[in-house]
Amino acid sequence: MFSQQYFSPLLFACFALLASLLLSLGGRSARAQPARSDTVGAATELPEVVATATRRLETVRHTGRRVAVITAEDIAAQPALSLDEVLRSAPGVELQSRAGFGVQSDYTMRGSSFKGVLLLLDGVPLNDPQTGHYLSDFPVPLSEVARIEILRGPAAALYGPNAVGGVINVITHAGRRAEAGEDRAATAAWTGEGSMQYGAHALYDAGAAARYERGRTAFGAATAWQGTDGEPISAPDGTPVRSGGDRLRTDFERQTHTLAARRGLGDELGGATLYARVGMDRRNFNAYHFYTDFDSDRARSDNQTYWVQARLRNSTQQPTRWTAQVAAKQHQGLYVYNPAASGGSARDYSRKATAQLHASRRVAEGLRLTGGASGEWRGIDSATMGDHRNLSGGVFVSGRWQASRPLWIGGSARANYDDAYGLELAPQASLAYTPAGYLTLRAAVARAVRAPTYTERYIDTKVEEPAGNLGNPALDAERAWSYEAGADLYPLPGLTLHATAFYRDTQDLIDYAKRPEEELFVARNVLNARQRGLELEAEARRSLGEATRLHLTSAYTLLGSDLSTDSDAEYKYTPSHARHLVQGTARLRAGRATLGLRGLWKDRRARRSYGVLHGRAAYRVPVRGARLGLSLEVRNLFDHDYADVFDAPMPGRWWILGVSLKP
């Protein structure tokens, strides 16, 4: 067995060596401007312009924030079946997974709780009001994802509550084109793709997508079906775990489907484009030790998510750019703690509806203002937590001023009211200074708020063991001030370097705490946390010949925390983040062949450190104007035994064979 103590240095050394190779190949090239700038949704693929950091199209160097971009090409090259598997290698994003292959994961950024990351689907918040554990129940197949923008650090001034650690904006193919508001040629065009994969333990993954465009009208559809018999589960002492006489396994079944449409309205409403989407995700899976480490836990879950959204946006050519958007979500969850025992099951329905309107206009030379309002209704109907409803809403204003040629100053402020915690203000300011084409200096300060979830407020766990979780209806919101400063360096063509230092002071952090005289973990505002860290990133792209290209990414996150706590209490989630997080990807494309690696290593405060490495090899074969792809993946190459949460088992070494067809 490959020793884990050598894994982290080896992984880091491999990426450092490859980066050094790129530098030597670059020779003494002159310093250059960053190579690619992008307008989200435009026909030109230049990823340096983003929308997430400011709610409008903005060159990333002017935002004063660190925004990373994952493209559709990056996604296709990764050994990943789901969104959260893609994000496991995103710099600075830590996923705490309870199972493999995207079954369920908690997201954290910069040491935030797993409820403090805001996930957007084409700009609309997707977070479930019941619990942050449902964030990976994503109602769109991975084949429909065109681009992912990751903003690290708070963004409550623009997006409202829960954007404490950061924002992840998933932009779909249909949503991206609607962003551009462009008209197409009158000739009808069909495109599509399909794929099938089969692997160890009867793993299957089948998906297809089709898109049609003609003039100002477009339609799209995508579907994905996945499942496996799973690996047999053993207790820490090696004893087989059984339920009702059968060996328990890490099995799951999942299906995800979506339909989308876009229609350009011509000269009506300022050349507006209407975009709409419906989607659903259903997953049934073994949930052994997902939420407890009790001996009697043999849990299973069956989750269903339904999503609908519509957006109307006028043309980018208009002096005032406006967007109106509505969306609704329903999540149905059935959790059975022990199928062989009586009781211990819970069925919950959570729902929410959102509406938002914002507009942006240049009001003077070098000065652009954006403002808007949003509202949300949310509720839960639960056999164990009861029926509850809440309303929230807010207004915001944001400005970006080019004070001089190299200096950009941004500021935002939001007033948000939630009947769960009252009125809160969330200001934000940022600065970007670009004294030279190869250097950007940036700084930002912001305040963020997180609302307690329904689970934190009302859960009352009833299990056979003398322990569990108890909610607290009197919970207050978390409130945090964050500060960051960083630099982006472009020393050679194809090479970018980023460094960011950050500090966050969180008051009334919510966690489950169990005091010595208590049997239950009770949700409380008991923690004040001061978190500080350093993020280092490098990305290199290099042509090694006419048809050979190398793409490398590497990232290191250092995170430290000072907690003001009840020293006698035991906490459930707060100490779980990684102190050291190393992530990296490597992709070599030579003609029709592609070889990719993805790895990470975690050193954690409260749990055993681990490292994993995945590999993927693919070959493209032209077939009558289409591309037939053949692939082989090996997950967890060194077959490490590891877990992110409690002792919920993560996959060992799996092989996966795949075939795909694209026009």
# chains A, B, ... in the order shown; residues from 1 in each chain; ligands from 1
call {"tool": "residues_around", "arguments": {"residues": "Asp419 of chain A", "least_positions_apart": "6", "cutoff": "9 Å", "atoms": "only C-alpha atoms", "output": "tab-separated table (two decimals) with N, CA and C atoms, in the first residue's frame"}}
result
chain	number	residue	atom	x	y	z
A	390	ASN	N	-41.55	31.59	6.15
A	390	ASN	CA	-40.79	32.81	6.39
A	390	ASN	C	-40.73	33.64	5.13
A	391	LEU	N	-40.61	34.95	5.30
A	391	LEU	CA	-40.43	35.89	4.20
A	391	LEU	C	-39.14	36.67	4.42
A	392	SER	N	-38.48	37.02	3.33
A	392	SER	CA	-37.31	37.88	3.40
A	392	SER	C	-37.24	38.71	2.13
call {"tool": "select_by_dssp", "arguments": {"residues": "segment 336-481 of chain A", "states": "strand (DSSP E or B)", "output": "JSON, numbers by chain"}}
result
{"A": [336, 345, 346, 347, 348, 349, 350, 351, 352, 353, 354, 355, 356, 357, 358, 359, 360, 361, 362, 363, 364, 367, 368, 369, 370, 371, 372, 373, 374, 375, 376, 377, 378, 379, 380, 381, 382, 386, 387, 388, 389, 390, 391, 392, 393, 394, 395, 396, 397, 398, 399, 400, 401, 402, 407, 408, 409, 410, 411, 412, 413, 414, 415, 416, 417, 418, 422, 423, 424, 425, 426, 427, 428, 429, 430, 431, 432, 433, 434, 435, 436, 439, 440, 441, 442, 443, 444, 445, 446, 447, 448, 449, 450, 460, 469, 470, 478, 479, 480, 481]}
call {"tool": "closest_residue", "arguments": {"among": "A:Glu193, A:Asp74, A:Glu144, A:Glu58", "to": "Gly175 of chain A", "atoms": "only C-alpha atoms"}}
result
A:Glu144
call {"tool": "closest_atom_pairs", "arguments": {"of": "segment 105-174 of chain A", "to": "segment 523-539 of chain A", "cutoff": "12 Å", "atoms": "only C-alpha atoms", "output": "tab-separated table"}}
result
residue	atom	partner	partner_atom	distance
A:Met109	CA	A:Gly533	CA	10.9
A:Arg110	CA	A:Gly533	CA	7.3
A:Gly111	CA	A:Gln531	CA	6.9
A:Ser112	CA	A:Gln531	CA	8.9
A:Ser113	CA	A:Ala529	CA	11.0
A:Arg152	CA	A:Glu535	CA	10.3
A:Gly153	CA	A:Gly533	CA	11.7
A:Gly165	CA	A:Gln531	CA	11.0
call {"tool": "write_last_selection", "arguments": {"atoms": "C-alpha atoms", "output": "compact mmCIF listing (two decimals), in the first residue's frame"}}
result
# COMPACT_ATOMS: atom_id res chain seq x y z
CA MET A 109 -14.89 28.09 1.52
CA ARG A 110 -12.40 29.93 3.70
CA GLY A 111 -13.50 27.98 6.76
CA SER A 112 -17.18 28.86 6.49
CA SER A 113 -19.83 26.48 7.75
CA ARG A 152 -14.27 33.45 -2.84
CA GLY A 153 -15.18 35.65 0.07
CA GLY A 165 -17.62 32.00 2.51
call {"tool": "select_by_dssp", "arguments": {"residues": "segment 102-292 of chain A", "states": "alpha helix (DSSP H)", "output": "PyMOL selection string"}}
result
chain A and resi 156-159+173-180
call {"tool": "residues_around", "arguments": {"residues": "Arg515 of chain A", "least_positions_apart": "5", "cutoff": "8 Å", "atoms": "only C-alpha atoms", "output": "PDB file with C-alpha atoms, in the first residue's frame"}}
result
ATOM      1  CA  PHE A 521     -26.268  18.146  20.596  1.00  0.00           C
ATOM      2  CA  ASP A 568     -16.568  22.117  28.227  1.00  0.00           C
ATOM      3  CA  ALA A 569     -18.770  21.581  25.167  1.00  0.00           C
ATOM      4  CA  GLU A 570     -18.279  19.178  22.291  1.00  0.00           C
TER       5      GLU A 570
END
call {"tool": "closest_residue", "arguments": {"among": "A:Asp603, A:Asp647, A:Asp251, A:Asp267", "to": "Gly560 of chain A", "atoms": "only C-alpha atoms"}}
result
A:Asp603
call {"tool": "residues_around", "arguments": {"residues": "Phe285 of chain A", "least_positions_apart": "4", "cutoff": "10 Å", "atoms": "only C-alpha atoms", "output": "ChimeraX atom specification"}}
result
/A:99,103-104,227-228,230,249-254,299-303
call {"tool": "closest_residue", "arguments": {"among": "A:Arg311, A:His133, A:Arg66, A:Arg56", "to": "Thr108 of chain A", "atoms": "only C-alpha atoms"}}
result
A:His133
call {"tool": "closest_residue", "arguments": {"among": "A:Leu334, A:Ala324, A:Ala202, A:Ile70", "to": "Leu657 of chain A", "atoms": "only C-alpha atoms"}}
result
A:Ala202
call {"tool": "closest_residue", "arguments": {"among": "A:Ala415, A:Ala80, A:Ala224, A:Leu544", "to": "Ala208 of chain A", "atoms": "only C-alpha atoms"}}
result
A:Ala224
call {"tool": "atom_distance", "arguments": {"atom1": "atom CA of Ala189 of chain A", "atom2": "atom CA of Ala593 of chain A"}}
result
28.3 Å
call {"tool": "residues_around", "arguments": {"residues": "segment 327-333 of chain A", "least_positions_apart": "5", "cutoff": "6 Å", "atoms": "only C-alpha atoms", "output": "VMD selection string"}}
result
chain A and resid 302 to 309 347 to 354
call {"tool": "write_last_selection", "arguments": {"atoms": "C-alpha atoms", "output": "compact mmCIF listing (two decimals), in the first residue's frame"}}
result
# COMPACT_ATOMS: atom_id res chain seq x y z
CA ASP A 302 -34.63 9.28 -1.03
CA ASN A 303 -34.44 12.92 -2.20
CA GLN A 304 -36.32 14.63 -5.01
CA THR A 305 -35.68 18.19 -6.22
CA TYR A 306 -37.87 20.12 -8.68
CA TRP A 307 -36.80 23.47 -10.15
CA VAL A 308 -38.30 26.10 -12.46
CA GLN A 309 -36.95 29.53 -13.41
CA ARG A 347 -40.45 12.82 5.36
CA ASP A 348 -39.92 16.53 4.74
CA TYR A 349 -41.05 18.99 2.06
CA SER A 350 -39.18 22.27 1.72
CA ARG A 351 -40.17 24.95 -0.76
CA LYS A 352 -39.07 28.40 -1.79
CA ALA A 353 -39.89 31.02 -4.41
CA THR A 354 -37.67 33.96 -5.33
call {"tool": "closest_residue", "arguments": {"among": "A:Ala174, A:Leu119, A:Val363, A:Ile380", "to": "Leu135 of chain A", "atoms": "only C-alpha atoms"}}
result
A:Leu119
call {"tool": "residues_around", "arguments": {"residues": "Thr434 of chain A", "least_positions_apart": "6", "cutoff": "10 Å", "atoms": "only C-alpha atoms", "output": "JSON, numbers by chain"}}
result
{"A": [61, 62, 405, 406, 407, 408, 440, 441, 442, 487, 488]}
call {"tool": "atom_distance", "arguments": {"atom1": "atom CA of Gln325 of chain A", "atom2": "atom CA of Tyr454 of chain A"}}
result
25.2 Å
